[in-house]
Every structure is written in structure tokens, then in C-alpha cells.
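*Asks:* Let me begin by handing over the structure; questions about it come next.
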Amino acid sequence: MEGDVTDKQEDSASVCEFDPITGNIPATKVEISVSCRDLLDRDTFSKSDPMCVLYTQGVESKQWREFGRTEVIDNTLNPDFVRKYILDYFFEEKQNLRFDIYDIDSKSPDLSKHQDFLGQAFCTLGEIVGSPASRLEKPLGGIPGKTCGTIILTAEELGNCREFATMQFCANKLDKKDFFGRSDPFMVFYRSNEDGTFTICHKTEVVKNTLNPVWQPFSIPVRALCNGDYDRSIKIEVYDWDRDGSHDFIGEFTTSFRELSRGQSQFNVYEVVNAKKKIKKRRYINSGTVTLLAFSVESEHTFLDYIKAGTQIHFTVAIDFTASNGNPSQSTSLHYMNPYQMNAYAMALKAVGEIIQDYDSDKMFPALGFGAKLPPDGRVSHEFPLNGIVDNPYCNGIEGILEAYHQSLKTVQLYGPTNFAPIINHVARYATAVQDGSQYFVLLIITDGVISDMAQTKEAIVNGAKLPLSIIIVGVGQAEFDAMVELDGDDIRISSRGKLAERDIVQFVPFRDYMDRTGNHVLSMARLAKDVLAEIPDQLISYMKSKGIKPHHTPTDCSPSTPASPVAV
């Protein structure tokens with residue numbers, strides 16, 4: 001018989017598995033500040049009275065919707081607007097923005113009544129946060145033949161409770177619950193919700209056979225502990241562990257983040273009380289005490305912290321030129337160039353590239369191919385430049401890559417086999433040279449099929465997991481992609497020669513899963529980008545953490561004129 005059944009809590013099932021961060025925890029939010037310089041002067045007897053209107057664009061409809069307006073500032077051509085825009089930020093989405101500037105002449109909220117339009121600017125949210133120090137300056141346009149001045153957009157991530165709290169507890173003279181031996185105590189932490197209910201957010205380890213346990217220190221996001229409200233009640237229950245899962249309730253106490261943040265002191269010694277015992281036994285005082293031994297808070301660095309500090313994301317694309325794609329001149333080929341619509345390779349490249357390009361200052365991207373016979377001698381290559389220039393494989397922007405891809409289809413012969421390792425090792429060489437946090441490399445491999453060098457590829461990925469590198473593999477066509485799923489270490493971390501990858505750096509998706517049934521390619525591309533890019537921010541942070549790199553140590557000017565050419569064919 002383990003334990004006193006009368007003391008068991010009815011809801012002990014809640015002590016089982018849980019997700020520490022549940023509930024409505026907001027996405028990263030950024031605050032956009034707007035300033036303008038040298039606006040057009042539309043007023044005869046004074047300067048313009050400008051106001052800025054922000055529009056956002058829906059992914060599906062592409063319609064512009066008004067998001068918000070700044071205040072009106074009277075009589076200035078160089079306004080610094082006080083009212084900010086607060087937007088949800090998603091790295092994996094292309095968030096189009098439009099800023100319209102008006103000279104306000106009446107109190108009417110109807111913009112059509114304000115005839116004096118002063119200009120507009122278009123950009124993406126990624127462009128703003130990806131600019132040096134997250135500050136983007138653009139010329140205002142929209143009025144033919146007029147110089148409309150400039151708009152200055154600055155993004156600041158809202159520090160919405162990004163701290164981690166690390167704490168350690170011990171207990172003294174807990175109630176003995178086991179007939180044979182002492183208790184095996186553990187604690188369960190709950191944060192309180194607005195409606196008075198509690199959500200489990202942490203469970204300590206079990207310390208065996210003691211009434212005076214000292215638990216290991218643990219870390220927890222402050223938002224998981226109190227959702228950013230330092231005075232919100234935190235309930236802590238103490239249990240005696242039982243092998244069959246019917247843990248015995250010892251008692252409970254409440255505290256708050258503010259109380260805990262006082263650290264080790266007489267304020268942080270808590271009586272553990274069992275309410276049922278208190279009612280039954282007149283002389284009952286408590287079921288022991290719990291003492292806070294240590295408490296500290298550290299800021300959790302975010303993806304945007306690193307981007308703002310100057311980390312550049314270098315994008316490399318690698319395209320599969322193996323014969324299984326089919327003859328590019330025939331409409332059944334995955335490489336077929338239909339004059340009226342992009343093929344799957346072009347769509348995948350454009351979907352991912354258009355978002356990543358905002359985080360690379362020079363917009364020059366290496367573009368490689370693999371699995372083809374090259375002119376003039378027909379040798380097979382697994383890492384050749386699409387633009388044909390061996391010592392400078394860089395293409396200007398995403399359009400430049402698409403152009404080089406179209407040209408290379410005319411000059412190379414599709415062949416085989418499908419080898420990934422040479423391309424991965426090739427980008428890894430450049431990542432190896434820059435491990436200070438100033439640069440992070442993303443390799444996009446687009447392929448139609450079954451991989452031929454699985455063992456070598458696994459080894460390349462395990463080695464690459466130590467580097468500032470992420471790999472996205474997009475499968476096109478109808479092949480079975482079972483082997484690719486194995487490379488994506490979401491379920492089982494990839495290993496090679498008995499070595500486990502330090503981080504999960506590979507994301508694989510089959511493009512067919514994202515194709516819109518109605519044939520809306522814009523929607524297909526947005527869905528693909530959203531899924532394949534969603535893991536990149538966490539992968540970048542996991543690399544920085546593994547190397548102990550903090551954002552303010554990152555050099556601010558780290559855009560390489562052009563990193564040494566990543567091609568040796």
C-alpha cells in the first residue's frame with residue numbers, strides 16, 4: 001500500500017503530460033514608426049498637414065485593406081509621427097505593406113475628401129526588419145513627374161515578455177506518505193487564467209525517498225509562468241510520486257512572479273497546506289515548507305534581435321537536373337517552360353526566395369545545378385553554376401536565378417544520379433568560414449526524386465548541424481519521397497556513423513501537398529513558403545545558442561562584398 005488514499009486529489013490526472021506554453025500567447029509583434037522628409041507642399045499659405053495611412057494585403061484576395069492611420073501633424077514637410085503601427089510578424093510570410101501620405105484639409109475621415117495626396121511607398125515587413133538596424137528609407141512615388149520626398153520606416157520588436165526565469169527550490173519536513181520508506185516528492189506549477197482556472201506549466205523531477213528534497217534548478221519562459229502579468233497568482237502543488245500514477249497530494253501554496261523575483265529571503269519560504277487535513281485536524285499547522293533557493297531572469301534572444309544586430313541570411317539554391325525530370329522540351333517534363341505559367345521548380349524557387357531575399361543586403365545569390373552533363377565534354381557534375389561562370393555563380397535577385405535556370409536548360413543535358421552531398425558540403429565550406437553569428441546560410445534543394453547518395457548526405461547533414469546552416473528540400477512531381485522524410489529530423493534526429501546531428505536543420509516538403517485545387521499559384525506558393533520557412537527562425541536561434549552568440553556581439557556591417565565564390569566544379 002503506497003500512500004494515504006484519503007489525501008488523494010480528485011484531479012491528479014492533470015499532473016500527467018502537458019504543453020508548458022498553452023493558451024493565447026501572441027505571435028511576435030513589431031512596432032512600425034513612420035517619418036517623412038521633404039514632402040510636397042500643397043498648402044498655399046502654410047506647409048502641408050500630413051497623415052500616413054497604412055494598408056495591408058490579404059494573401060488570397062490581394063486586396064488592400066486599411067490597417068490604421070497616424071495622427072495629423074500640422075504645418076510640416078518633415079513629420080515624425082508619434083502614433084505607431086503594431087503588426088504581427090511572420091518570417092515565413094510575405095507581408096505586403098502600402099503607406100499613403102495625405103495632406104489633411106478637413107475633419108472628414110473619408111480620404112476621398114482630402115484631395116491632396118502626397119505620395120506612397122510599397123514594401124514588405126521583411127524588408128523593414130531586414131534592413132540595417134531595421135530602418136528602411138524609400139522614395140515616395142505615385143504622382144507622375146513629381147519628387148515626393150522620402151519615407152523612413154523603423155521596426156522595433158515589442159519585448160512581450162521574452163524572459164526566461166531560472167529557479168531552484170528545496171522542501172523541509174514534508175508529510176510522510178509511504179508506509180515503507182519516506183515520500184518521493186515532486187512539485188507541479190500552474191499559472192492562473194483570467195477566468196480563475198489554472199493551467200499546468202511545469203513539473204519538477206521526482207526526488208526519491210526523502211522528506212527534505214532539493215530539486216534541480218529549472219528554466220521556464222516567464223510568459224508560460226504568468227503570461228507577462230507579474231502579480232498573477234501561481235499555484236504550486238506538492239505530491240508524493242507513486243509508480244501507478246495515483247500520486248498522493250501532500251499540499252499546496254500560492255505565490256506570484258513578483259514574490260519569486262525577490263529571490264532567496266524570508267518572503268520566499270512557503271507553508272505547504274493540505275486544506276482537507278486542516279479541516280479534519282484541529283492541531284494541523286502545515287505539511288512542511290518549501291523554500292526558494294535561487295531565482296534569476298534572463299532575456300531570451302529572438303530571431304529579430306539577431307537580424308537587427310546585422311546577421312545576414314545567405315540564400316543558395318540547388319536545382320535537380322537529372323533525367324527523371326523528363327525532356328524539358330516536352331510538356332510532360334517537370335522542367336517544361338510553359339510560356340503562360342511557371343513550372344514547379346520556378347514556383348518553389350520564387351516562393352521561398354522572395355521572402356528570404358529581404359534578409360540579404362546585396363541580393364546576390366549563388367544558384368547551382370546537379371545531376372547534368374555539361375558542355376563541351378559531357379562530364380557529369382553535381383555542383384555547377386547555373387549562369388555558367390565557375391568562379392562567380394552569383395545571380396542578381398530571384399529574377400536573375402530564374403533567368404540563369406532557363407538558360408542552363410538549353411545548354412546542359414539532363415543525366416544523373418541524384419546526389420545531394422556535394423551541394424550540401426559545398427555550402428557547408430562557406431558556413432564553416434563564418435561561425436561568429438554575422439551570417440547564416442539557407443540552402444534550398446529542389447528535386448524530383450529518389451536520392452542516390454543517402455549515406456554521404458546523412459554524413460553531410462550531421463556535419464552541417466554544427467554550422468550556421470539550414471537546408472530546405474522541396475520535392476516536385478509525383479515520386480515517392482520516403483527517403484526525404486528520413487532526412488527531415490522532426491520525428492527521429494538524423495545520425496551518421498553513430499553520431500547524432502546536434503540540431504534539426506532539414507525541412508522537407510512535397511510541393512504537391514501545397515497545390516491549390518483551383519489552380520491559384522499565388523496561394524500555392526504562399527502555403528509552401530509558410531511551411532518550409534516556419535522553422536528557420538528557431539533553427540537560427542538554436543545555432544546561436546549552441547555557440548553562446550548574443551545579438552549585440554554580432555558585427556553590424558557584415559554584408560560581404562560577395563562571399564568567396566561557393567563553386568568549385
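Chains: A, B, ... in order of the C-alpha cells. Residues: from 1 per chain. Ligands: from 1, in order shown.
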Mind checking which residues fall within 10 Å of Ser35 in chain A, counting only C-alpha atoms, ignoring those fewer than 2 positions away in the same chain, and posting them as a CSV table (one decimal) with all heavy atoms, in the first residue's frame?
*Replies:*
chain,number,residue,atom,x,y,z
A,33,SER,N,7.5,52.6,-36.8
A,33,SER,CA,7.4,54.1,-36.7
A,33,SER,C,7.6,54.7,-38.1
A,33,SER,O,8.4,54.2,-38.9
A,33,SER,CB,8.6,54.6,-35.8
A,33,SER,OG,8.5,54.0,-34.5
A,37,ARG,N,10.5,62.9,-45.0
A,37,ARG,CA,11.3,64.1,-45.2
A,37,ARG,C,11.0,64.7,-46.6
A,37,ARG,O,10.8,63.9,-47.6
A,37,ARG,CB,12.8,63.7,-45.1
A,37,ARG,CG,13.2,63.2,-43.7
A,37,ARG,CD,13.2,64.4,-42.7
A,37,ARG,NE,13.5,63.9,-41.3
A,37,ARG,CZ,12.6,63.6,-40.4
A,37,ARG,NH1,11.3,63.6,-40.7
A,37,ARG,NH2,13.0,63.3,-39.2
A,52,CYS,N,-0.3,59.7,-42.3
A,52,CYS,CA,0.1,58.5,-43.0
A,52,CYS,C,-1.0,57.4,-42.8
A,52,CYS,O,-1.4,57.2,-41.7
A,52,CYS,CB,1.5,57.9,-42.5
A,52,CYS,SG,1.9,56.4,-43.3
A,78,ASN,N,8.3,67.6,-42.8
A,78,ASN,CA,9.3,66.6,-42.2
A,78,ASN,C,8.7,66.0,-41.0
A,78,ASN,O,9.2,66.1,-39.9
A,78,ASN,CB,10.6,67.3,-41.9
A,78,ASN,CG,11.2,67.9,-43.1
A,78,ASN,OD1,11.6,67.2,-44.1
A,78,ASN,ND2,11.4,69.2,-43.1
A,79,PRO,N,7.5,65.3,-41.1
A,79,PRO,CA,6.8,64.8,-39.9
A,79,PRO,C,7.5,63.6,-39.3
A,79,PRO,O,8.1,62.7,-40.0
A,79,PRO,CB,5.5,64.4,-40.4
A,79,PRO,CG,5.7,64.1,-41.9
A,79,PRO,CD,6.8,65.0,-42.3
A,80,ASP,N,7.5,63.5,-38.0
A,80,ASP,CA,7.9,62.3,-37.2
A,80,ASP,C,6.6,61.9,-36.5
A,80,ASP,O,6.3,62.5,-35.5
A,80,ASP,CB,9.0,62.5,-36.2
A,80,ASP,CG,10.3,62.9,-36.9
A,80,ASP,OD1,10.7,62.2,-37.9
A,80,ASP,OD2,10.9,63.9,-36.6
A,81,PHE,N,5.9,60.9,-37.0
A,81,PHE,CA,4.6,60.6,-36.5
A,81,PHE,C,4.8,59.9,-35.1
A,81,PHE,O,5.6,59.0,-35.0
A,81,PHE,CB,3.8,59.7,-37.4
A,81,PHE,CG,3.4,60.4,-38.7
A,81,PHE,CD1,4.1,60.1,-39.9
A,81,PHE,CD2,2.5,61.4,-38.7
A,81,PHE,CE1,3.8,60.8,-41.1
A,81,PHE,CE2,2.1,62.1,-39.9
A,81,PHE,CZ,2.8,61.8,-41.1
A,82,VAL,N,3.9,60.2,-34.2
A,82,VAL,CA,4.0,59.6,-32.8
A,82,VAL,C,3.2,58.3,-32.8
A,82,VAL,O,3.7,57.3,-32.2
A,82,VAL,CB,3.4,60.6,-31.8
A,82,VAL,CG1,3.4,59.9,-30.4
A,82,VAL,CG2,4.3,61.9,-31.7
A,137,GLU,N,14.6,53.3,-45.7
A,137,GLU,CA,14.3,54.6,-46.3
A,137,GLU,C,14.0,54.4,-47.7
A,137,GLU,O,14.7,53.8,-48.5
A,137,GLU,CB,15.6,55.5,-46.1
A,137,GLU,CG,15.3,57.0,-46.2
A,137,GLU,CD,16.5,57.8,-45.7
A,137,GLU,OE1,17.1,57.5,-44.7
A,137,GLU,OE2,16.8,58.8,-46.4
A,150,THR,N,10.9,61.5,-49.1
A,150,THR,CA,11.2,60.1,-48.7
A,150,THR,C,10.4,59.7,-47.5
A,150,THR,O,9.9,60.6,-46.7
A,150,THR,CB,12.7,59.9,-48.4
A,150,THR,OG1,13.0,60.9,-47.4
A,150,THR,CG2,13.6,60.2,-49.6
A,151,ILE,N,10.2,58.4,-47.3
A,151,ILE,CA,9.6,57.9,-46.1
A,151,ILE,C,10.6,57.0,-45.4
A,151,ILE,O,11.4,56.3,-46.0
A,151,ILE,CB,8.3,57.0,-46.4
A,151,ILE,CG1,7.5,56.7,-45.2
A,151,ILE,CG2,8.6,55.8,-47.2
A,151,ILE,CD1,6.1,56.1,-45.4
A,152,ILE,N,10.6,57.2,-44.0
A,152,ILE,CA,11.6,56.4,-43.2
A,152,ILE,C,10.8,55.5,-42.3
A,152,ILE,O,9.9,56.0,-41.5
A,152,ILE,CB,12.5,57.3,-42.4
A,152,ILE,CG1,13.3,58.2,-43.3
A,152,ILE,CG2,13.5,56.5,-41.5
A,152,ILE,CD1,13.7,59.6,-42.7
A,153,LEU,N,11.0,54.2,-42.4
A,153,LEU,CA,10.2,53.2,-41.6
A,153,LEU,C,11.2,52.5,-40.7
A,153,LEU,O,12.2,51.9,-41.1
A,153,LEU,CB,9.5,52.2,-42.6
A,153,LEU,CG,8.6,52.9,-43.6
A,153,LEU,CD1,8.3,51.9,-44.7
A,153,LEU,CD2,7.4,53.4,-43.0
A,154,THR,N,10.8,52.4,-39.4
A,154,THR,CA,11.7,51.7,-38.4
A,154,THR,C,10.9,50.7,-37.7
A,154,THR,O,9.7,50.9,-37.3
A,154,THR,CB,12.2,52.8,-37.4
A,154,THR,OG1,12.7,53.9,-38.1
A,154,THR,CG2,13.3,52.2,-36.6
*Asks:* Write out as a list of chain:residue names which residues come within 10 Å of Val290 in chain A when counting only C-alpha atoms, dropping same-chain ones fewer than 3 positions away.
*Replies:*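 Close residues of Val290 in chain A: A:Phe169, A:Cys170, A:Ala171, A:Asn172, A:Lys173, A:Leu174, A:Met187, A:Asn212, A:Pro213, A:Val214, A:Ile236, A:Val238, A:Glu252, A:Phe253, A:Asn268, A:Val269, A:Tyr270, A:Glu271, A:Val272, A:Ser287, A:Leu293.
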*Asks:* Give me every strand (DSSP E or B) residue in range 262-501 of chain A, going by DSSP on the backbone, as a PyMOL selection string.
*Replies:* chain A and resi 269-271+273+289-299+312-320+322+364-370+372-374+379-381+384-385+394-396+413-415+439-447+469-475+495-496+499-500
*Asks:* Taking 5 positions as the minimum chain separation for residues in the same chain, which residues sit within 6 Å of range 347-364 of chain A when counting only C-alpha atoms? Answer as a ChimeraX atom specification.
*Replies:* /A:94,126-127,130,312-313,394-397,525,529
*Asks:* Which residue out of A:Tyr340, A:Phe303, A:Phe186, A:Tyr230 has the minimum interatomic distance to Asp242 in chain A when only C-alpha atoms are used?
*Replies:*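 Result for the nearest residue to Asp242 in chain A: A:Phe186.
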*Asks:* Would you mind writing down, as number ranges by chain, each residue of range 442-477 of chain A that DSSP on the backbone assigns to alpha helix (DSSP H)?
*Replies:* A: 454-464
*Asks:* With only C-alpha atoms as the basis for distance, which of A:Phe164, A:Phe370, A:Phe90, A:Phe189 is at the shortest distance from Pro221 in chain A?
*Replies:*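 Of all the options, A:Phe164 lies closest to Pro221 in chain A.
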*Asks:* Which polymer residues have any atom within 10 Å of an atom of Lys208 in chain A, counting only C-alpha atoms, with same-chain residues fewer than 5 positions away left out, as a ChimeraX atom specification?
*Replies:* /A:181-186,213,240-241
*Asks:* Could you please determine the separation between CA of Gly378 in chain A and CA of Leu409 in chain A in Å, to one decimal place?
*Replies:*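 Distance reported for this atom pair: 14.3 Å.
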*Asks:* Nearest to Ser470 in chain A: which of A:Gln407, A:Thr204, A:Thr289, A:Thr316 is it, counting only C-alpha atoms?
*Replies:*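 Ranking A:Gln407, A:Thr204, A:Thr289, A:Thr316 by distance to Ser470 in chain A, first place goes to A:Thr316.
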*Asks:* How far is it from CA of Leu87 in chain A to CA of Leu140 in chain A, in Å with one decimal?
*Replies:*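 We find that CA of Leu87 in chain A and CA of Leu140 in chain A lie 21.7 Å from each other.
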*Asks:* For Ala346 in chain A, find every residue with an atom within 12 Å (counting only C-alpha atoms), except residues of its own chain fewer than 3 positions away, and show them as number ranges by chain.
*Replies:* A: 317-320, 334-338, 341-343, 349-354, 398-406, 446-447, 474, 476, 511, 521, 525
*Asks:* Could you write those residues out with N, CA, C and O atoms, as a compact mmCIF listing (two decimals), in the first residue's frame?
*Replies:*
# COMPACT_ATOMS: atom_id res chain seq x y z
N VAL A 317 20.51 28.32 -53.93
CA VAL A 317 19.52 27.38 -54.47
C VAL A 317 20.25 26.32 -55.30
O VAL A 317 21.24 26.61 -55.97
N ALA A 318 19.76 25.08 -55.20
CA ALA A 318 20.33 23.98 -55.99
C ALA A 318 19.18 23.25 -56.68
O ALA A 318 18.19 22.86 -56.04
N ILE A 319 19.30 23.08 -58.00
CA ILE A 319 18.21 22.52 -58.80
C ILE A 319 18.62 21.18 -59.41
O ILE A 319 19.74 21.01 -59.89
N ASP A 320 17.69 20.25 -59.38
CA ASP A 320 17.90 18.87 -59.84
C ASP A 320 17.78 18.81 -61.37
O ASP A 320 16.71 19.09 -61.93
N LEU A 334 8.98 18.02 -65.86
CA LEU A 334 8.89 18.93 -64.72
C LEU A 334 9.67 20.22 -64.99
O LEU A 334 9.46 21.23 -64.32
N HIS A 335 10.59 20.17 -65.98
CA HIS A 335 11.36 21.37 -66.35
C HIS A 335 10.77 22.10 -67.57
O HIS A 335 11.38 23.04 -68.08
N TYR A 336 9.58 21.67 -68.01
CA TYR A 336 8.99 22.28 -69.21
C TYR A 336 8.68 23.76 -68.97
O TYR A 336 8.15 24.14 -67.94
N MET A 337 9.07 24.59 -69.95
CA MET A 337 8.86 26.03 -69.83
C MET A 337 7.58 26.42 -70.57
O MET A 337 7.59 26.71 -71.75
N ASN A 338 6.48 26.42 -69.87
CA ASN A 338 5.22 26.87 -70.44
C ASN A 338 5.25 28.40 -70.48
O ASN A 338 5.51 29.04 -69.47
N GLN A 341 2.70 29.86 -67.75
CA GLN A 341 2.78 29.68 -66.29
C GLN A 341 4.10 29.04 -65.89
O GLN A 341 4.73 28.33 -66.67
N MET A 342 4.53 29.31 -64.67
CA MET A 342 5.79 28.77 -64.17
C MET A 342 5.66 27.28 -63.90
O MET A 342 4.60 26.80 -63.50
N ASN A 343 6.78 26.55 -64.08
CA ASN A 343 6.77 25.14 -63.67
C ASN A 343 7.00 25.04 -62.16
O ASN A 343 7.24 26.05 -61.48
N LEU A 349 11.12 27.93 -56.17
CA LEU A 349 12.25 28.86 -56.03
C LEU A 349 11.75 30.27 -55.72
O LEU A 349 12.24 30.94 -54.81
N LYS A 350 10.74 30.71 -56.45
CA LYS A 350 10.22 32.07 -56.28
C LYS A 350 9.53 32.21 -54.91
O LYS A 350 9.71 33.22 -54.22
N ALA A 351 8.79 31.19 -54.51
CA ALA A 351 8.05 31.24 -53.25
C ALA A 351 8.98 31.43 -52.06
O ALA A 351 8.77 32.28 -51.20
N VAL A 352 10.06 30.64 -52.02
CA VAL A 352 10.99 30.69 -50.89
C VAL A 352 11.93 31.89 -51.04
O VAL A 352 12.17 32.65 -50.09
N GLY A 353 12.45 32.08 -52.26
CA GLY A 353 13.45 33.13 -52.49
C GLY A 353 12.93 34.53 -52.26
O GLY A 353 13.64 35.39 -51.72
N GLU A 354 11.69 34.80 -52.63
CA GLU A 354 11.16 36.16 -52.50
C GLU A 354 11.06 36.60 -51.05
O GLU A 354 11.09 37.79 -50.75
N ILE A 398 16.06 37.14 -57.35
CA ILE A 398 15.36 35.91 -57.69
C ILE A 398 15.13 35.83 -59.20
O ILE A 398 15.24 34.77 -59.81
N GLU A 399 14.85 37.00 -59.82
CA GLU A 399 14.66 37.00 -61.28
C GLU A 399 15.94 36.55 -61.99
O GLU A 399 15.89 35.85 -63.00
N GLY A 400 17.10 36.96 -61.45
CA GLY A 400 18.38 36.54 -62.03
C GLY A 400 18.57 35.04 -61.96
O GLY A 400 19.09 34.42 -62.90
N ILE A 401 18.14 34.43 -60.85
CA ILE A 401 18.24 32.96 -60.72
C ILE A 401 17.33 32.29 -61.76
O ILE A 401 17.72 31.34 -62.45
N LEU A 402 16.09 32.79 -61.88
CA LEU A 402 15.14 32.18 -62.83
C LEU A 402 15.67 32.27 -64.26
O LEU A 402 15.57 31.32 -65.04
N GLU A 403 16.28 33.41 -64.58
CA GLU A 403 16.86 33.59 -65.92
C GLU A 403 18.00 32.58 -66.16
O GLU A 403 18.06 31.94 -67.22
N ALA A 404 18.89 32.44 -65.16
CA ALA A 404 20.02 31.50 -65.30
C ALA A 404 19.51 30.07 -65.40
O ALA A 404 20.06 29.25 -66.15
N TYR A 405 18.44 29.75 -64.66
CA TYR A 405 17.84 28.40 -64.71
C TYR A 405 17.31 28.12 -66.11
O TYR A 405 17.59 27.06 -66.70
N HIS A 406 16.59 29.09 -66.69
CA HIS A 406 16.04 28.90 -68.04
C HIS A 406 17.16 28.72 -69.07
O HIS A 406 17.07 27.87 -69.95
N ILE A 446 15.81 21.75 -54.73
CA ILE A 446 14.54 21.36 -55.36
C ILE A 446 14.84 20.13 -56.21
O ILE A 446 15.74 20.14 -57.04
N THR A 447 14.09 19.06 -55.97
CA THR A 447 14.41 17.76 -56.57
C THR A 447 13.15 17.01 -56.95
O THR A 447 12.08 17.24 -56.37
N VAL A 474 12.58 20.72 -51.30
CA VAL A 474 11.22 20.70 -51.85
C VAL A 474 11.18 19.62 -52.92
O VAL A 474 11.97 19.64 -53.87
N VAL A 476 9.38 17.92 -56.03
CA VAL A 476 8.38 18.23 -57.07
C VAL A 476 8.05 16.95 -57.83
O VAL A 476 8.85 16.01 -57.85
N PHE A 511 5.91 19.41 -52.88
CA PHE A 511 5.18 20.58 -53.38
C PHE A 511 3.72 20.23 -53.69
O PHE A 511 2.83 21.06 -53.54
N HIS A 521 -1.92 29.76 -58.26
CA HIS A 521 -0.49 29.52 -57.97
C HIS A 521 0.04 30.45 -56.89
O HIS A 521 0.94 30.09 -56.15
N MET A 525 2.05 29.01 -53.69
CA MET A 525 3.39 29.45 -53.32
C MET A 525 3.42 30.01 -51.90
O MET A 525 4.36 29.77 -51.14
